[in-house]
Amino acid sequence: MKKGHIIFLNGITSSGKTSIAKAIQELNEDFYIVSNDMFQNMISAKRLRENYFKYLSEAVIMMYHTAKIFSDMGKNVLIDGMLMEFEDIQPHYQQMLEILKGNPLDVVEVYCPLELCRKRNIIRGDRYETQSDEQNELMAKNVKYTLKVDTSLHSSAECADVIVKIICK
């Protein structure tokens with residue numbers, strides 16, 4: 001059985017990952033979406049208060065295994081996430097690559113200037129203003145990207161269109 005394609009949309013909060021994932025799904029409904037937020041919501045609030053990064057890192061690793069299962073079953077997967085490096089999840093990028101080794105994988109950088117992310121955080125109301133700044137400091141370095149999209153210059157639909165045309169040929 002042919003393995004499904006995995007596209008990892010990597011970026012800080014409010015950069016536009018979720019909007020792009022939904023727009024890709026509109027263009028190609030053969031994609032399933034898994035996200036950091038979805039897996040974080042599986043963790044009890046009490047555990048997250050006890051040790052946020054410990055439990056988040058466990059959930060993120062489970063998300064990668066879930067994406068691998070979908071791919072192994074021939075299903076295409078969009079990962080809406082962030083490749084971060086912090087104590088409980090180092091080396092995060094390398095762990096993700098190891099888990100998904102042997103599966104078709106493209107990592108797309110979803111970029112948006114911090115100033116605009118701060119404004120989006122305020123508008124959203126479910127993030128605090130400087131959350132993107134804090135995540136930016138934790139983002140993994142030296143990630144090998146297939147493609148970079150900039151949501152300050154292009155709409156989510158335009159970014160999705162570029163991703164589908166270049167990666168999903």
# chains A, B, ... in the order shown; residues from 1 in each chain; ligands from 1
$ residues_around --residues "segment 151-162 of chain A" --least-positions-apart "3" --cutoff "6 Å" --atoms "only C-alpha atoms" --output "ChimeraX atom specification"
/A:19-20,23-24,112,165
$ select_by_dssp --residues "chain A" --states "strand (DSSP E or B)" --output "list in words"
Ile6, Ile7, Phe8, Leu9, Asn10, Phe31, Tyr32, Ile33, Val34, Ser35, Asn76, Val77, Leu78, Ile79, Asp80, Gly81, Met84, Leu105, Asp106, Val107, Val108, Glu109, Val110, Tyr111, Met139, Leu147, Lys148, Val149 and Asp150 of chain A
$ write_last_selection --atoms "N, CA and C atoms" --output "mmCIF file, in the first residue's frame"
data_model
loop_
_atom_site.group_PDB
_atom_site.id
_atom_site.type_symbol
_atom_site.label_atom_id
_atom_site.label_comp_id
_atom_site.auth_asym_id
_atom_site.auth_seq_id
_atom_site.Cartn_x
_atom_site.Cartn_y
_atom_site.Cartn_z
ATOM 1 N N ILE A 6 2.552 13.334 4.228
ATOM 2 C CA ILE A 6 2.463 14.130 5.453
ATOM 3 C C ILE A 6 3.038 15.507 5.154
ATOM 4 N N ILE A 7 2.237 16.533 5.412
ATOM 5 C CA ILE A 7 2.718 17.909 5.295
ATOM 6 C C ILE A 7 2.660 18.528 6.677
ATOM 7 N N PHE A 8 3.809 18.936 7.182
ATOM 8 C CA PHE A 8 3.913 19.567 8.500
ATOM 9 C C PHE A 8 3.928 21.076 8.295
ATOM 10 N N LEU A 9 2.872 21.754 8.760
ATOM 11 C CA LEU A 9 2.807 23.215 8.736
ATOM 12 C C LEU A 9 3.407 23.708 10.045
ATOM 13 N N ASN A 10 4.599 24.254 9.985
ATOM 14 C CA ASN A 10 5.342 24.641 11.177
ATOM 15 C C ASN A 10 5.356 26.154 11.332
ATOM 16 N N PHE A 31 -7.063 15.041 2.700
ATOM 17 C CA PHE A 31 -6.167 15.279 3.832
ATOM 18 C C PHE A 31 -6.914 15.249 5.159
ATOM 19 N N TYR A 32 -6.312 14.583 6.128
ATOM 20 C CA TYR A 32 -6.772 14.606 7.517
ATOM 21 C C TYR A 32 -5.885 15.609 8.251
ATOM 22 N N ILE A 33 -6.429 16.260 9.274
ATOM 23 C CA ILE A 33 -5.662 17.254 10.029
ATOM 24 C C ILE A 33 -5.476 16.777 11.463
ATOM 25 N N VAL A 34 -4.231 16.842 11.930
ATOM 26 C CA VAL A 34 -3.930 16.680 13.353
ATOM 27 C C VAL A 34 -3.193 17.944 13.789
ATOM 28 N N SER A 35 -3.393 18.345 15.039
ATOM 29 C CA SER A 35 -2.788 19.608 15.470
ATOM 30 C C SER A 35 -2.316 19.547 16.919
ATOM 31 N N ASN A 76 -3.471 10.859 3.579
ATOM 32 C CA ASN A 76 -2.678 12.087 3.619
ATOM 33 C C ASN A 76 -2.981 12.839 4.908
ATOM 34 N N VAL A 77 -1.939 13.453 5.473
ATOM 35 C CA VAL A 77 -2.077 14.116 6.772
ATOM 36 C C VAL A 77 -1.444 15.502 6.748
ATOM 37 N N LEU A 78 -2.151 16.453 7.318
ATOM 38 C CA LEU A 78 -1.607 17.783 7.584
ATOM 39 C C LEU A 78 -1.347 17.871 9.081
ATOM 40 N N ILE A 79 -0.130 18.207 9.455
ATOM 41 C CA ILE A 79 0.187 18.446 10.868
ATOM 42 C C ILE A 79 0.231 19.954 11.066
ATOM 43 N N ASP A 80 -0.637 20.447 11.913
ATOM 44 C CA ASP A 80 -0.713 21.863 12.272
ATOM 45 C C ASP A 80 0.020 21.970 13.599
ATOM 46 N N GLY A 81 1.305 22.330 13.539
ATOM 47 C CA GLY A 81 2.087 22.280 14.769
ATOM 48 C C GLY A 81 3.261 23.238 14.810
ATOM 49 N N MET A 84 9.365 22.756 18.348
ATOM 50 C CA MET A 84 9.981 23.552 19.406
ATOM 51 C C MET A 84 11.095 22.755 20.075
ATOM 52 N N LEU A 105 7.241 13.040 3.609
ATOM 53 C CA LEU A 105 7.122 14.179 4.525
ATOM 54 C C LEU A 105 7.670 15.438 3.887
ATOM 55 N N ASP A 106 6.901 16.514 3.983
ATOM 56 C CA ASP A 106 7.357 17.849 3.619
ATOM 57 C C ASP A 106 7.053 18.773 4.784
ATOM 58 N N VAL A 107 8.022 19.600 5.142
ATOM 59 C CA VAL A 107 7.825 20.574 6.211
ATOM 60 C C VAL A 107 7.736 21.957 5.565
ATOM 61 N N VAL A 108 6.647 22.656 5.862
ATOM 62 C CA VAL A 108 6.399 23.991 5.312
ATOM 63 C C VAL A 108 6.498 25.001 6.445
ATOM 64 N N GLU A 109 7.333 26.014 6.252
ATOM 65 C CA GLU A 109 7.405 27.101 7.232
ATOM 66 C C GLU A 109 6.249 28.063 6.971
ATOM 67 N N VAL A 110 5.424 28.243 7.989
ATOM 68 C CA VAL A 110 4.339 29.223 7.911
ATOM 69 C C VAL A 110 4.830 30.437 8.692
ATOM 70 N N TYR A 111 5.172 31.475 7.948
ATOM 71 C CA TYR A 111 5.792 32.660 8.530
ATOM 72 C C TYR A 111 4.797 33.813 8.594
ATOM 73 N N MET A 139 11.281 27.969 19.031
ATOM 74 C CA MET A 139 11.218 27.271 17.744
ATOM 75 C C MET A 139 12.543 26.594 17.425
ATOM 76 N N LEU A 147 9.296 24.365 1.681
ATOM 77 C CA LEU A 147 8.644 25.567 1.179
ATOM 78 C C LEU A 147 8.404 26.520 2.345
ATOM 79 N N LYS A 148 8.360 27.817 2.039
ATOM 80 C CA LYS A 148 8.005 28.835 3.039
ATOM 81 C C LYS A 148 6.863 29.658 2.476
ATOM 82 N N VAL A 149 5.846 29.877 3.300
ATOM 83 C CA VAL A 149 4.747 30.766 2.927
ATOM 84 C C VAL A 149 4.665 31.885 3.959
ATOM 85 N N ASP A 150 4.263 33.059 3.508
ATOM 86 C CA ASP A 150 4.193 34.238 4.370
ATOM 87 C C ASP A 150 2.758 34.742 4.396
#
$ residues_around --residues "Ser14 of chain A" --least-positions-apart "5" --cutoff "10 Å" --atoms "only C-alpha atoms" --output "list of chain:residue names"
A:Ser19, A:Val110, A:Tyr111, A:Cys112, A:Leu114, A:Leu116, A:Cys117, A:Arg118, A:Lys119, A:Arg120, A:Asn121, A:Ile122, A:Ile123, A:Arg124, A:Arg127, A:Gln131, A:Ser132, A:Thr151
$ residues_around --residues "Lys101 of chain A" --least-positions-apart "4" --cutoff "12 Å" --atoms "only C-alpha atoms" --output "short mmCIF file (atom, residue, chain, number, x, y, z; two decimals) with N, CA and C atoms, in the first residue's frame"
data_model
loop_
_atom_site.label_atom_id
_atom_site.label_comp_id
_atom_site.auth_asym_id
_atom_site.auth_seq_id
_atom_site.Cartn_x
_atom_site.Cartn_y
_atom_site.Cartn_z
N LYS A 3 2.04 4.82 0.93
CA LYS A 3 1.87 5.63 2.14
C LYS A 3 1.31 7.01 1.78
N ILE A 6 2.55 13.33 4.23
CA ILE A 6 2.46 14.13 5.45
C ILE A 6 3.04 15.51 5.15
N TYR A 64 2.63 12.75 16.42
CA TYR A 64 3.48 12.29 15.30
C TYR A 64 3.22 10.82 15.01
N HIS A 65 3.06 10.02 16.05
CA HIS A 65 2.76 8.60 15.85
C HIS A 65 1.39 8.43 15.18
N ALA A 67 -0.01 10.63 13.12
CA ALA A 67 0.18 11.00 11.71
C ALA A 67 0.82 9.85 10.94
N LYS A 68 1.77 9.18 11.56
CA LYS A 68 2.43 8.03 10.92
C LYS A 68 1.43 6.92 10.64
N SER A 71 -0.62 7.86 7.65
CA SER A 71 0.19 7.73 6.44
C SER A 71 0.41 6.27 6.07
N ASP A 72 0.71 5.44 7.07
CA ASP A 72 0.93 4.01 6.82
C ASP A 72 -0.33 3.35 6.24
N TYR A 93 12.90 18.26 16.67
CA TYR A 93 12.91 18.09 15.22
C TYR A 93 13.43 16.71 14.84
N GLN A 94 14.52 16.29 15.47
CA GLN A 94 15.09 14.98 15.16
C GLN A 94 14.15 13.85 15.57
N GLN A 95 13.45 14.01 16.69
CA GLN A 95 12.48 12.99 17.11
C GLN A 95 11.36 12.87 16.09
N MET A 96 10.87 14.00 15.60
CA MET A 96 9.81 13.98 14.60
C MET A 96 10.30 13.28 13.34
N LEU A 97 11.50 13.60 12.89
CA LEU A 97 12.04 12.97 11.68
C LEU A 97 12.20 11.46 11.87
N LEU A 105 7.24 13.04 3.61
CA LEU A 105 7.12 14.18 4.52
C LEU A 105 7.67 15.44 3.89
N ASP A 106 6.90 16.51 3.98
CA ASP A 106 7.36 17.85 3.62
C ASP A 106 7.05 18.77 4.78
#
$ atom_distance --atom1 "atom CA of Gln135 of chain A" --atom2 "atom CA of Ile12 of chain A"
5.9 Å
$ atom_distance --atom1 "atom CA of Phe53 of chain A" --atom2 "atom CA of His5 of chain A"
28.3 Å
$ select_by_dssp --residues "segment 5-161 of chain A" --states "alpha helix (DSSP H)" --output "ChimeraX atom specification"
/A:17-27,36-40,45-72,92-99,114-124,131-138,156-161
$ atom_distance --atom1 "atom CA of Met63 of chain A" --atom2 "atom CA of Arg49 of chain A"
20.5 Å
$ closest_residue --among "A:Asn136, A:Leu48, A:Glu29, A:Asn36" --to "Ser15 of chain A" --atoms "only C-alpha atoms"
A:Asn136
